[in-house]
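Here is the structure we will look at.
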Amino acid sequence: MAQTGQRVDPYGNFNFLVEIDGITRAAFHEVTGFDSTIDVIDHREGGENTTLRKLPGMTKHANIVLKYGLTDDAELYQWHRNAVNGNVQRKNGSIVMYDSTNAEIARFNFTNGWPSKISTDQLSVESNDPVKETITLTVESLARVK
């Protein structure tokens with residue numbers, strides 16, 4: 001806990017790395033999907049006619065969405081292609097945040113991820129923006145460990 005008068009700044013969201021088992025690519029523009037939800041089960045108990053009990057149910061983790069610039073590196077695309085062909089390869093990984101001195105400040109580990117979707121930006125002769133590819137990883141769990 002911070003001492004009185006000591007300022008604690010929030011982390012910047014621009015210095016991060018994505019680690020995926022066996023995949024070395026890590027130059028991502030954006031990562032989303034740091035999300036989990038616990039289903040709420042309404043339970044009515046006998047004799048308690050005016051109030052529902054709220055019980056915890058299944059926990060669901062959102063898909064992790066990675067955006068990156070399209071290059072000749074097709075490793076993530078090939079991982080998705082293998083899943084399309086029936087060879088789903090589940091991988092574990094981490095999203096690691098760093099401070100301005102490149103010291104690790106936070107780590108989110110995911111388990112049993114596999115690429116359920118891949119898409120490429122629209123192409124247009126009226127734009128000179130870099131083409132981005134987006135891959136969606138379906139994961140079984142996501143936990144902040146640091």
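Ligands are numbered from 1 in the order shown, chains are lettered A, B, ... in the order of the structure tokens, and residues start at 1 in each chain.
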**OP:** Mind the document's chain letters and residue numbers, and return as a list in words the residues of chain A that DSSP labels alpha helix (DSSP H).
**Re:**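 Alpha helix (DSSP H) members of chain A, listed: Glu75, Leu76, Tyr77, Gln78, Trp79, His80, Arg81, Asn82, Ala83 and Val84 of chain A.
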Original post:
What are the DSSP strand (DSSP E) residues of chain A, as a ChimeraX atom specification?
Top reply: /A:16-20,28-32,36-43,53-61,64-69,91-98,104-120,132-138,141-144
Subject >> Pick from A:Asn15, A:Asn128, A:Ser116, A:Thr138 nearest to Ala83 of chain A, counting only C-alpha atoms >> reply: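 The answer is A:Ser116, which sits nearest to Ala83 of chain A.
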Write out, as a tab-separated table, each residue of segment 71-112 of chain A that has an atom at most 9 Å from segment 25-46 of chain A, together with the closest pair of atoms and their distance in Å to one decimal, counting only C-alpha atoms, rows going by chain and rising number.
```
residue	atom	partner	partner_atom	distance
A:Asp73	CA	A:Arg25	CA	8.2
A:Glu75	CA	A:Arg25	CA	7.9
A:Leu76	CA	A:Arg25	CA	8.2
A:Ile95	CA	A:Val31	CA	8.4
A:Phe108	CA	A:Phe34	CA	8.3
```
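Taking atom CA of Lys67 of chain A and atom CA of Thr101 of chain A as the two end points, the separation is 24.3 Å.
For the residues A:Gly57, A:Gly69, A:Gly47, A:Gly12, ranking by smallest atom-to-atom distance to Asp121 of chain A using only C-alpha atoms places A:Gly69 first.
The space separating atom CA of Gln78 of chain A from atom CA of Gly93 of chain A comes to 17.4 Å.
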**OP:** Skip Asn102 of chain A itself and residues of its chain fewer than 5 positions away, then list as a list in words all residues within 12 Å of it, counting only C-alpha atoms.
**Re:** Gly12, Phe14, Asn15, Phe16, Leu17, Val96 and Met97 of chain A
Save the residues we just selected, N, CA and C atoms, as a PDB file, in the first residue's frame?
```pdb
ATOM      1  N   GLY A  12       1.549   2.332 -18.099  1.00  0.00           N
ATOM      2  CA  GLY A  12       1.310   2.693 -19.491  1.00  0.00           C
ATOM      3  C   GLY A  12       0.910   1.448 -20.271  1.00  0.00           C
ATOM      4  N   PHE A  14       1.552   0.829 -23.552  1.00  0.00           N
ATOM      5  CA  PHE A  14       2.227   0.803 -24.839  1.00  0.00           C
ATOM      6  C   PHE A  14       3.443  -0.119 -24.892  1.00  0.00           C
ATOM      7  N   ASN A  15       3.906  -0.611 -23.767  1.00  0.00           N
ATOM      8  CA  ASN A  15       5.131  -1.411 -23.740  1.00  0.00           C
ATOM      9  C   ASN A  15       4.788  -2.820 -23.265  1.00  0.00           C
ATOM     10  N   PHE A  16       4.523  -3.715 -24.230  1.00  0.00           N
ATOM     11  CA  PHE A  16       4.113  -5.069 -23.883  1.00  0.00           C
ATOM     12  C   PHE A  16       4.668  -6.059 -24.901  1.00  0.00           C
ATOM     13  N   LEU A  17       4.612  -7.318 -24.519  1.00  0.00           N
ATOM     14  CA  LEU A  17       5.112  -8.410 -25.342  1.00  0.00           C
ATOM     15  C   LEU A  17       4.142  -9.580 -25.195  1.00  0.00           C
ATOM     16  N   VAL A  96       2.835  -9.807 -21.399  1.00  0.00           N
ATOM     17  CA  VAL A  96       3.732  -9.249 -20.396  1.00  0.00           C
ATOM     18  C   VAL A  96       3.831  -7.746 -20.601  1.00  0.00           C
ATOM     19  N   MET A  97       3.632  -6.988 -19.519  1.00  0.00           N
ATOM     20  CA  MET A  97       3.745  -5.530 -19.568  1.00  0.00           C
ATOM     21  C   MET A  97       5.077  -5.108 -18.946  1.00  0.00           C
TER      22      MET A  97
END
```
Subject >> Spatial neighbours of Asn109 of chain A, max dist 8 Å, only C-alpha atoms, sep filter under 5 positions, as a VMD selection string >> reply: chain A and resid 92 to 95 142 to 145
Subject >> Option closest in space to Thr59 of chain A, from A:Lys91, A:Thr71, A:Glu140, A:Asn85 [counting only C-alpha atoms] >> reply: A:Glu140
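Those residues that approach Asn87 of chain A to within 12 Å, counting only C-alpha atoms, are Gln78, Trp79, His80, Arg81, Trp114 and Pro115 of chain A; same-chain residues fewer than 6 positions away are not listed.
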Original post:
Separation of atom CA of Leu66 of chain A and atom CA of Thr136 of chain A, in Å?
Top reply: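 So the two atoms, atom CA of Leu66 of chain A and atom CA of Thr136 of chain A, lie 6.4 Å apart.
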